[in-house]
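Shown next: structure12.txt, given as compact mmCIF, C-alpha atoms and all ligand atoms.
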# COMPACT_ATOMS: atom_id res chain seq x y z
CA MET U 1 82.07 -126.80 -33.47
CA SER U 2 83.55 -129.02 -36.12
CA GLN U 3 86.72 -128.03 -37.87
CA THR U 4 87.66 -129.18 -41.33
CA ALA U 5 91.19 -130.57 -41.39
CA PRO U 6 93.35 -128.98 -44.05
CA ALA U 7 93.66 -131.19 -47.12
CA ARG U 8 96.92 -133.14 -46.96
CA GLU U 9 99.46 -132.11 -49.55
CA ARG U 10 99.64 -134.81 -52.22
CA THR U 11 102.98 -135.86 -53.58
CA LEU U 12 103.92 -137.23 -56.97
CA ILE U 13 107.09 -138.38 -58.70
CA VAL U 14 107.37 -138.05 -62.49
CA THR U 15 110.29 -139.83 -64.18
CA GLY U 16 111.88 -138.35 -67.27
CA ALA U 17 110.40 -135.01 -66.21
CA GLY U 18 113.38 -132.96 -67.36
CA ASN U 19 111.97 -132.68 -70.88
CA GLY U 20 109.03 -133.27 -73.22
CA LEU U 21 105.94 -135.05 -71.97
CA GLY U 22 107.32 -135.59 -68.45
CA ALA U 23 107.98 -131.86 -67.99
CA ALA U 24 104.42 -131.10 -69.20
CA ILE U 25 103.00 -133.69 -66.78
CA ALA U 26 105.05 -132.19 -63.92
CA ARG U 27 103.78 -128.69 -64.78
CA ALA U 28 100.14 -129.79 -64.99
CA ALA U 29 100.42 -131.71 -61.72
CA ALA U 30 101.98 -128.76 -59.89
CA ALA U 31 99.21 -126.51 -61.24
CA ALA U 32 96.66 -129.03 -59.87
CA GLY U 33 98.25 -128.84 -56.41
CA TRP U 34 100.55 -131.86 -56.36
CA ARG U 35 104.01 -131.48 -54.84
CA VAL U 36 106.20 -132.93 -57.57
CA GLY U 37 109.46 -134.84 -57.58
CA VAL U 38 111.04 -134.06 -60.97
CA LEU U 39 113.15 -137.16 -61.61
CA ASP U 40 115.54 -137.34 -64.55
CA GLN U 41 118.96 -138.76 -65.31
CA ASP U 42 119.87 -135.27 -66.53
CA ALA U 43 120.39 -133.36 -63.27
CA GLN U 44 120.41 -129.92 -64.90
CA ALA U 45 117.18 -130.57 -66.80
CA ALA U 46 115.48 -131.85 -63.63
CA GLN U 47 116.63 -128.77 -61.72
CA ALA U 48 115.46 -126.38 -64.44
CA VAL U 49 111.96 -127.88 -64.47
CA ALA U 50 111.73 -128.13 -60.67
CA SER U 51 112.78 -124.48 -60.29
CA SER U 52 110.02 -123.41 -62.68
CA LEU U 53 107.32 -125.09 -60.59
CA ALA U 54 105.58 -123.80 -57.47
CA LEU U 55 104.79 -125.77 -54.32
CA GLY U 56 108.33 -126.85 -53.46
CA ALA U 57 109.02 -129.17 -56.36
CA VAL U 58 112.09 -131.34 -55.80
CA ALA U 59 114.70 -132.13 -58.46
CA LEU U 60 115.82 -135.77 -58.29
CA GLN U 61 118.73 -137.04 -60.36
CA ALA U 62 118.44 -140.78 -61.01
CA ASP U 63 118.79 -143.44 -63.66
CA ILE U 64 115.57 -145.48 -63.59
CA SER U 65 117.35 -148.60 -64.84
CA ASP U 66 119.59 -148.57 -61.74
CA GLU U 67 117.82 -149.81 -58.62
CA ARG U 68 120.18 -148.14 -56.14
CA SER U 69 119.95 -144.81 -57.95
CA VAL U 70 116.13 -144.97 -57.80
CA GLN U 71 116.13 -145.90 -54.09
CA GLU U 72 118.40 -142.95 -53.29
CA ALA U 73 116.11 -140.58 -55.20
CA LEU U 74 113.06 -141.92 -53.32
CA ASP U 75 114.90 -141.47 -50.00
CA ARG U 76 115.68 -137.87 -50.91
CA PHE U 77 112.08 -137.17 -51.87
CA ALA U 78 110.88 -138.71 -48.58
CA GLN U 79 113.29 -136.49 -46.65
CA GLU U 80 112.29 -133.33 -48.51
CA THR U 81 108.55 -133.95 -48.21
CA SER U 82 108.49 -135.77 -44.84
CA VAL U 83 106.23 -138.47 -46.29
CA ALA U 84 107.31 -142.10 -46.49
CA ALA U 85 105.80 -142.75 -49.91
CA PRO U 86 104.50 -140.52 -52.67
CA ASP U 87 100.76 -140.67 -53.46
CA GLY U 88 101.42 -140.92 -57.16
CA LEU U 89 104.03 -142.01 -59.68
CA VAL U 90 104.26 -141.41 -63.41
CA CYS U 91 106.70 -143.78 -65.12
CA ASN U 92 107.35 -141.60 -68.14
CA ALA U 93 111.11 -141.84 -68.85
CA GLY U 94 111.77 -143.72 -72.06
CA ILE U 95 114.15 -143.94 -74.99
CA VAL U 96 114.03 -145.07 -78.61
CA ARG U 97 116.72 -146.36 -80.99
CA PHE U 98 115.58 -146.35 -84.61
CA GLY U 99 116.63 -148.85 -87.27
CA PRO U 100 115.46 -151.95 -89.12
CA LEU U 101 115.22 -155.11 -87.02
CA LEU U 102 117.52 -157.00 -89.38
CA ASP U 103 120.38 -154.61 -88.57
CA ALA U 104 119.49 -153.81 -84.95
CA ASP U 105 122.42 -153.74 -82.60
CA VAL U 106 121.81 -156.09 -79.66
CA ALA U 107 123.25 -153.52 -77.25
CA ASP U 108 120.73 -150.92 -78.52
CA PHE U 109 117.89 -153.42 -78.22
CA ARG U 110 118.91 -154.22 -74.63
CA ALA U 111 119.30 -150.53 -73.74
CA VAL U 112 115.73 -149.76 -74.81
CA VAL U 113 114.29 -152.71 -72.88
CA ASP U 114 116.46 -151.81 -69.90
CA VAL U 115 115.12 -148.26 -69.62
CA ASN U 116 111.55 -148.57 -70.92
CA LEU U 117 110.56 -151.90 -69.39
CA THR U 118 113.02 -152.78 -66.62
CA GLY U 119 113.31 -149.14 -65.53
CA THR U 120 109.52 -148.86 -65.24
CA PHE U 121 109.44 -152.08 -63.21
CA ILE U 122 112.27 -150.94 -60.89
CA THR U 123 110.69 -147.55 -60.22
CA ALA U 124 107.09 -148.72 -59.89
CA ARG U 125 107.98 -151.60 -57.58
CA ALA U 126 110.17 -149.39 -55.36
CA VAL U 127 107.33 -146.87 -54.98
CA ALA U 128 104.66 -149.56 -54.51
CA ARG U 129 106.68 -151.20 -51.74
CA ARG U 130 106.84 -147.86 -49.92
CA MET U 131 103.11 -147.23 -50.42
CA ILE U 132 102.28 -150.67 -49.05
CA ALA U 133 104.67 -150.31 -46.09
CA ALA U 134 103.02 -146.95 -45.26
CA ARG U 135 99.53 -148.52 -45.70
CA GLN U 136 98.79 -145.81 -48.19
CA ALA U 137 96.67 -145.99 -51.35
CA GLY U 138 98.23 -144.67 -54.52
CA SER U 139 98.06 -144.24 -58.24
CA ILE U 140 100.68 -145.27 -60.78
CA VAL U 141 100.54 -144.21 -64.42
CA THR U 142 102.95 -145.64 -66.98
CA VAL U 143 103.59 -143.99 -70.32
CA THR U 144 103.43 -146.49 -73.18
CA SER U 145 102.89 -145.55 -76.84
CA MET U 146 100.67 -146.19 -79.85
CA ASN U 147 103.77 -148.11 -81.01
CA GLY U 148 103.06 -150.65 -78.29
CA VAL U 149 99.48 -151.04 -79.54
CA ALA U 150 100.44 -151.53 -83.21
CA PRO U 151 103.92 -152.04 -84.64
CA GLY U 152 105.80 -149.24 -86.37
CA PRO U 153 108.59 -149.86 -88.88
CA ASN U 154 112.21 -149.36 -87.86
CA SER U 155 111.58 -148.75 -84.19
CA GLY U 156 113.53 -151.75 -82.94
CA ALA U 157 112.74 -152.71 -79.36
CA TYR U 158 110.64 -149.59 -78.75
CA GLY U 159 107.19 -150.99 -79.65
CA PRO U 160 107.80 -154.39 -78.01
CA SER U 161 109.08 -152.66 -74.85
CA LYS U 162 105.96 -150.48 -74.70
CA ALA U 163 103.62 -153.44 -75.28
CA ALA U 164 105.38 -155.15 -72.40
CA VAL U 165 104.95 -152.07 -70.20
CA ALA U 166 101.21 -152.16 -70.95
CA LEU U 167 101.01 -155.75 -69.70
CA LEU U 168 103.30 -154.98 -66.76
CA THR U 169 100.89 -152.18 -65.83
CA GLN U 170 97.97 -154.63 -65.84
CA GLN U 171 100.00 -156.98 -63.67
CA MET U 172 100.65 -154.16 -61.19
CA ALA U 173 96.91 -153.40 -61.14
CA LEU U 174 96.19 -157.07 -60.45
CA GLU U 175 98.81 -157.67 -57.75
CA TRP U 176 98.80 -154.26 -56.03
CA GLY U 177 95.08 -153.47 -56.32
CA PRO U 178 94.32 -155.23 -53.01
CA HIS U 179 96.64 -152.66 -51.37
CA GLY U 180 94.63 -149.78 -52.83
CA ILE U 181 97.12 -149.06 -55.60
CA ARG U 182 95.66 -148.28 -59.03
CA ALA U 183 97.85 -148.75 -62.10
CA ASN U 184 97.01 -147.48 -65.58
CA ALA U 185 98.84 -146.67 -68.78
CA ILE U 186 98.71 -143.70 -71.13
CA ALA U 187 99.51 -144.45 -74.78
CA PRO U 188 100.34 -141.22 -76.61
CA GLY U 189 100.01 -141.08 -80.40
CA LEU U 190 101.47 -138.44 -82.72
CA ILE U 191 102.57 -135.78 -80.27
CA ASN U 192 104.51 -132.70 -81.30
CA ALA U 193 106.84 -132.68 -78.30
CA GLY U 194 109.88 -134.31 -76.80
CA MET U 195 111.53 -137.08 -78.78
CA SER U 196 109.11 -136.63 -81.74
CA GLU U 197 109.57 -132.89 -82.17
CA PRO U 198 112.42 -133.20 -84.73
CA ILE U 199 110.19 -135.35 -86.98
CA TYR U 200 107.71 -132.48 -87.34
CA ALA U 201 110.35 -129.97 -88.40
CA ASP U 202 109.81 -131.60 -91.82
CA HIS U 203 106.64 -129.81 -92.96
CA GLU U 204 105.68 -132.39 -95.57
CA ILE U 205 105.87 -135.26 -93.10
CA ARG U 206 103.97 -133.20 -90.60
CA ALA U 207 101.16 -132.45 -93.06
CA ARG U 208 100.91 -136.08 -94.17
CA ARG U 209 100.79 -137.31 -90.60
CA GLU U 210 98.18 -134.71 -89.63
CA SER U 211 95.97 -135.78 -92.50
CA SER U 212 96.07 -139.41 -91.32
CA VAL U 213 94.67 -138.51 -87.88
CA PRO U 214 90.84 -138.44 -87.67
CA LEU U 215 91.12 -135.17 -85.68
CA ARG U 216 93.43 -133.87 -88.46
CA ARG U 217 96.14 -132.55 -86.15
CA LEU U 218 99.02 -133.59 -83.91
CA GLY U 219 98.54 -133.84 -80.16
CA THR U 220 100.30 -131.67 -77.59
CA ALA U 221 102.26 -132.56 -74.47
CA GLU U 222 99.59 -130.72 -72.47
CA GLU U 223 96.88 -133.03 -73.84
CA VAL U 224 98.89 -136.08 -72.75
CA ALA U 225 99.41 -134.42 -69.35
CA ALA U 226 95.66 -133.77 -68.93
CA ALA U 227 94.85 -137.44 -69.57
CA THR U 228 97.60 -138.49 -67.16
CA LEU U 229 96.26 -136.15 -64.47
CA PHE U 230 92.81 -137.71 -64.88
CA LEU U 231 94.19 -141.20 -64.25
CA LEU U 232 96.17 -139.95 -61.24
CA SER U 233 93.20 -138.16 -59.74
CA ASP U 234 90.30 -139.33 -57.61
CA ASP U 235 88.04 -138.80 -60.65
CA ALA U 236 89.52 -142.11 -61.81
CA SER U 237 89.12 -143.78 -58.42
CA TYR U 238 87.59 -146.95 -59.94
CA VAL U 239 89.81 -147.06 -63.02
CA SER U 240 92.63 -149.60 -62.83
CA GLY U 241 94.43 -151.82 -65.34
CA THR U 242 93.43 -149.77 -68.36
CA GLU U 243 95.46 -148.24 -71.18
CA LEU U 244 94.15 -144.87 -72.29
CA VAL U 245 95.12 -144.16 -75.88
CA VAL U 246 95.62 -140.41 -76.46
CA ASP U 247 96.03 -140.25 -80.22
CA GLY U 248 93.18 -138.34 -81.88
CA GLY U 249 91.88 -141.68 -83.14
CA VAL U 250 94.84 -142.57 -85.38
CA THR U 251 95.66 -146.00 -83.95
CA MET U 252 92.18 -147.38 -84.57
CA SER U 253 91.85 -145.92 -88.06
CA VAL U 254 94.11 -148.29 -90.01
CA ILE U 255 91.24 -149.93 -91.91
CA ALA U 256 89.97 -146.52 -93.03
CA SER U 257 93.17 -145.92 -95.00
CA LEU U 258 92.90 -149.17 -97.01
CA PRO U 259 91.89 -148.70 -100.65
CA ARG U 260 88.25 -149.73 -101.28
CA PRO U 261 86.28 -150.35 -104.46
CA GLN U 262 83.81 -147.52 -105.16
CA SER U 263 80.93 -149.99 -104.93
CA VAL U 264 81.69 -150.50 -101.22
CA ASP U 265 81.43 -146.78 -100.50
CA SER U 266 78.19 -146.46 -102.47
CA VAL U 267 76.71 -149.38 -100.49
CA GLY U 268 77.46 -147.28 -97.39
CA ASP U 269 75.70 -144.27 -98.90
CA ASN U 270 72.63 -146.31 -99.86
CA PHE U 271 72.51 -147.73 -96.38
CA SER U 272 72.63 -144.27 -94.79
CA ALA U 273 70.03 -142.95 -97.23
CA ALA U 274 67.70 -145.83 -96.44
CA ALA U 275 68.23 -145.34 -92.71
CA SER U 276 67.47 -141.61 -92.85
CA ALA U 277 64.39 -142.22 -95.04
CA THR U 278 62.89 -144.38 -92.30
CA GLU U 279 63.71 -141.90 -89.53
CA PRO U 280 61.92 -138.59 -90.11
CA GLY U 281 63.71 -135.58 -88.67
CA LYS U 282 67.17 -137.21 -88.86
CA PRO U 283 69.88 -135.35 -90.82
CA GLY U 284 70.31 -136.67 -94.38
CA THR U 285 73.34 -138.30 -95.94
CA SER U 286 76.37 -136.45 -97.23
CA ARG U 287 74.70 -136.43 -100.69
CA ASP U 288 71.86 -134.31 -99.31
CA ARG U 289 74.21 -131.65 -97.96
N1 LIG F 301 106.89 -137.58 -77.75
C1 LIG F 301 106.09 -138.46 -78.31
O1 LIG F 301 105.59 -138.24 -79.42
C2 LIG F 301 105.76 -139.75 -77.62
C3 LIG F 301 104.79 -140.58 -78.19
C4 LIG F 301 104.47 -141.77 -77.56
C5 LIG F 301 105.09 -142.12 -76.38
N2 LIG F 301 106.05 -141.30 -75.84
C6 LIG F 301 106.67 -141.71 -74.58
O2 LIG F 301 106.58 -140.65 -73.67
C7 LIG F 301 107.68 -140.67 -72.78
C8 LIG F 301 108.36 -139.31 -72.80
O3 LIG F 301 108.80 -139.06 -74.12
P1 LIG F 301 109.37 -137.64 -74.57
O4 LIG F 301 108.99 -137.47 -75.97
O5 LIG F 301 108.99 -136.60 -73.58
O6 LIG F 301 110.95 -137.95 -74.51
P2 LIG F 301 112.17 -136.99 -74.23
O7 LIG F 301 113.35 -137.67 -74.84
O8 LIG F 301 111.86 -135.59 -74.66
O9 LIG F 301 112.29 -136.99 -72.64
C9 LIG F 301 112.62 -138.15 -71.97
C10 LIG F 301 113.29 -137.77 -70.67
O10 LIG F 301 113.61 -138.99 -69.99
C11 LIG F 301 114.92 -138.89 -69.47
N3 LIG F 301 115.50 -140.23 -69.36
C12 LIG F 301 115.86 -141.05 -70.37
N4 LIG F 301 116.38 -142.18 -69.86
C13 LIG F 301 116.34 -142.07 -68.51
C14 LIG F 301 116.74 -142.92 -67.45
N5 LIG F 301 117.35 -144.10 -67.67
N6 LIG F 301 116.53 -142.50 -66.18
C15 LIG F 301 115.96 -141.30 -65.94
N7 LIG F 301 115.58 -140.45 -66.90
C16 LIG F 301 115.76 -140.84 -68.18
C17 LIG F 301 115.68 -138.00 -70.46
O11 LIG F 301 116.83 -137.39 -69.84
C18 LIG F 301 114.61 -137.00 -70.86
O12 LIG F 301 114.61 -135.85 -70.04
C19 LIG F 301 108.58 -141.80 -73.26
O13 LIG F 301 108.35 -142.96 -72.49
C20 LIG F 301 108.15 -142.03 -74.68
O14 LIG F 301 108.38 -143.34 -75.11
C21 LIG F 301 106.39 -140.13 -76.44

Show me the file's structure as structure tokens.
Ligand SMILES: NC(=O)c1ccc[n+]([C@@H]2O[C@H](COP(=O)([O-])OP(=O)(O)OC[C@H]3O[C@@H](n4cnc5c(N)ncnc54)[C@H](O)[C@@H]3O)[C@@H](O)[C@H]2O)c1
Amino acid sequence: MSQTAPARERTLIVTGAGNGLGAAIARAAAAAGWRVGVLDQDAQAAQAVASSLALGAVALQADISDERSVQEALDRFAQETSVAAPDGLVCNAGIVRFGPLLDADVADFRAVVDVNLTGTFITARAVARRMIAARQAGSIVTVTSMNGVAPGPNSGAYGPSKAAVALLTQQMALEWGPHGIRANAIAPGLINAGMSEPIYADHEIRARRESSVPLRRLGTAEEVAAATLFLLSDDASYVSGTELVVDGGVTMSVIASLPRPQSVDSVGDNFSAAASATEPGKPGTSRDR
């Protein structure tokens, strides 16, 4: 008689999981059956999130820009879970310092690069080394931003650091793929959570931003978490080196907001009318409705 072995518990570390998107990712992962290491530089925040999760979540206090601090956190997670390397890692911790480039403080610029880019490198490499040493496949997801896809005013090193993380993620996919490690990025857009929440307390700004998104609303931390979980999961087993933009379509819609002469729009209407006239049974143009 054959016996099915119990599925092995899968382990995951999420950085910056004491708040915002990271906390939502940790919650969604725990609900999907992952045992989660809730890593944050804020020990209390990490503990609060870990305590709210089932399946023996572990709070890990660490600064991702400090290699020794990250190694100690990984050692603790290995001890608590009795596995040498986690199956998954989400490099989510990040910071922003706003201000015009002309006035940007060099220390602020360095701090953002240090956490967002160097911190992602330190954490991802430390985990990848453990995965490879344990001959274990794995999945790494980095959290970039729509600001790394297109520049935003007054965000200093933030956008450049996120663009660099996107390329770093591709480099991980290239170099670590032969070891069975997938690496992908999630680029959130206008999300009403975490570091962006204060922006949306201003109702006028919120309404104007919502109207510029093709889906006409802000995204939620849970929607970012769902996309992250997909990339972590076996459903994405052949997806590596990609950046999944989770933004309701706003990043790609810049041309739509440019002013156009009326004649251009009417050319579009004529084209649609002609197309529907040649295809019986197709819905008509907006003029017909
Ligand atoms: N919220 C958004 O709208 C949005 C949009 C696009 C991208 N992002 C990205 O998503 C990620 C999470 O953003 P958020 O809005 O949840 O931010 P947040 O500020 O709410 O949470 C970030 C967490 O990271 C922790 N952290 C910061 N520096 C750290 C370090 N050196 N070591 C360990 N932990 C550290 C903080 O303590 C905090 O708990 C960031 O990388 C951010 O750039 C957010």

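Distances from U:Asp66, U:Asp108, U:Asp265, U:Asp234 to Gly88 (chain U) were compared using all atoms listed in the file, and the smallest one belongs to U:Asp234.
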
Edge lengths and centre in Å, axis-aligned, ligand LIG 301 (chain F) plus 4 Å each side, as JSON:
{"center_x": 110.9, "center_y": -139.8, "center_z": -72.7, "size_x": 20.9, "size_y": 16.5, "size_z": 21.5}

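If you measure from each of U:Met146, U:Ala256, U:Ala163, U:Ala124 to Trp176 (chain U) using all atoms listed in the file, the closest one turns out to be U:Ala124.
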
**Asked** What do you get as a ChimeraX atom specification if you pick all residues at most 7 Å from ligand LIG 301 (chain F), counting all atoms listed in the file?
**Response** /U:15-22,39-42,45,62-65,92-96,115-116,119,143-146,187-197

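With all atoms listed in the file taken into account, the protein and nucleic acid residues at most 12 Å from Ala107 (chain U) (excluding it and anything under 5 positions from it in its own chain) are U:Arg97, U:Val112, U:Val113, U:Asp114, U:Gly156, U:Ala157.
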
**Item:** Residues near Asp87 (chain U), cut-off 9 Å, all atoms listed in the file, skip fewer than 4 positions along chain, as JSON, numbers by chain
**Value:** {"U": [10, 11, 12, 13, 131, 136, 137, 138, 139, 140]}

**Message:** The residues within 12 Å of (107.7, -152.6, -55.7), using only C-alpha atoms and the coordinates of the file, should be reported as a list of chain:residue names; which are they?
**Reply:** U:Glu67, U:Val70, U:Gln71, U:Ala85, U:Leu89, U:Gly119, U:Thr120, U:Phe121, U:Ile122, U:Thr123, U:Ala124, U:Arg125, U:Ala126, U:Val127, U:Ala128, U:Arg129, U:Arg130, U:Met131, U:Ile132, U:Ala133, U:Ile140, U:Gln171, U:Met172, U:Glu175, U:Trp176, U:His179, U:Ile181

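Between CA of Gln47 (chain U) and CA of Ala31 (chain U) the separation is 17.6 Å.
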
**Prompt:** CA of Gly249 (chain U) to CA of Ala221 (chain U): how many Å, to one decimal?
**Reply:** 16.3 Å

Using all atoms listed in the file, which protein or nucleic acid residues come within 12 Å of Met252 (chain U)? Drop anything in the same chain fewer than 6 positions from it, and give the result as a compact mmCIF listing (two decimals) with C-alpha atoms, in the frame of the given file.
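After the write, out.txt holds the following:
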# COMPACT_ATOMS: atom_id res chain seq x y z
CA MET U 146 100.67 -146.19 -79.85
CA VAL U 149 99.48 -151.04 -79.54
CA ALA U 150 100.44 -151.53 -83.21
CA GLY U 189 100.01 -141.08 -80.40
CA SER U 212 96.07 -139.41 -91.32
CA VAL U 213 94.67 -138.51 -87.88
CA PRO U 214 90.84 -138.44 -87.67
CA VAL U 245 95.12 -144.16 -75.88
CA VAL U 246 95.62 -140.41 -76.46

**Message:** Residues within 10 Å of Asn154 (chain U), please, as a ChimeraX atom specification. Count all atoms listed in the file; anything in the same chain fewer than 4 positions from it doesn't count.
**Reply:** /U:97-104,158-159

**Item:** Distance criterion (all atoms listed in the file): nearest to Arg135 (chain U) out of U:Ala166, U:Pro86, U:Leu174, U:Gly33
**Value:** U:Pro86

**Prompt:** Please, what distance in Å, to one decimal, runs between CA of Leu244 (chain U) and CA of Ala185 (chain U)?
**Reply:** 6.1 Å

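Among the candidates U:Glu222, U:Ser263, U:Ala78, U:Asn184, the residue lying nearest to Ala134 (chain U) is U:Ala78 (atoms considered: all atoms listed in the file).
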
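Candidate residues U:Leu117, U:Leu60, U:Gly177, U:Thr81 were compared for distance to Arg35 (chain U), and the nearest is U:Thr81, using only C-alpha atoms.
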
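Comparing the minimum interatomic distances between Glu210 (chain U) and each of U:Val106, U:Val250, U:Ala24, U:Leu231, counting all atoms listed in the file, we find that U:Val250 sits nearest.
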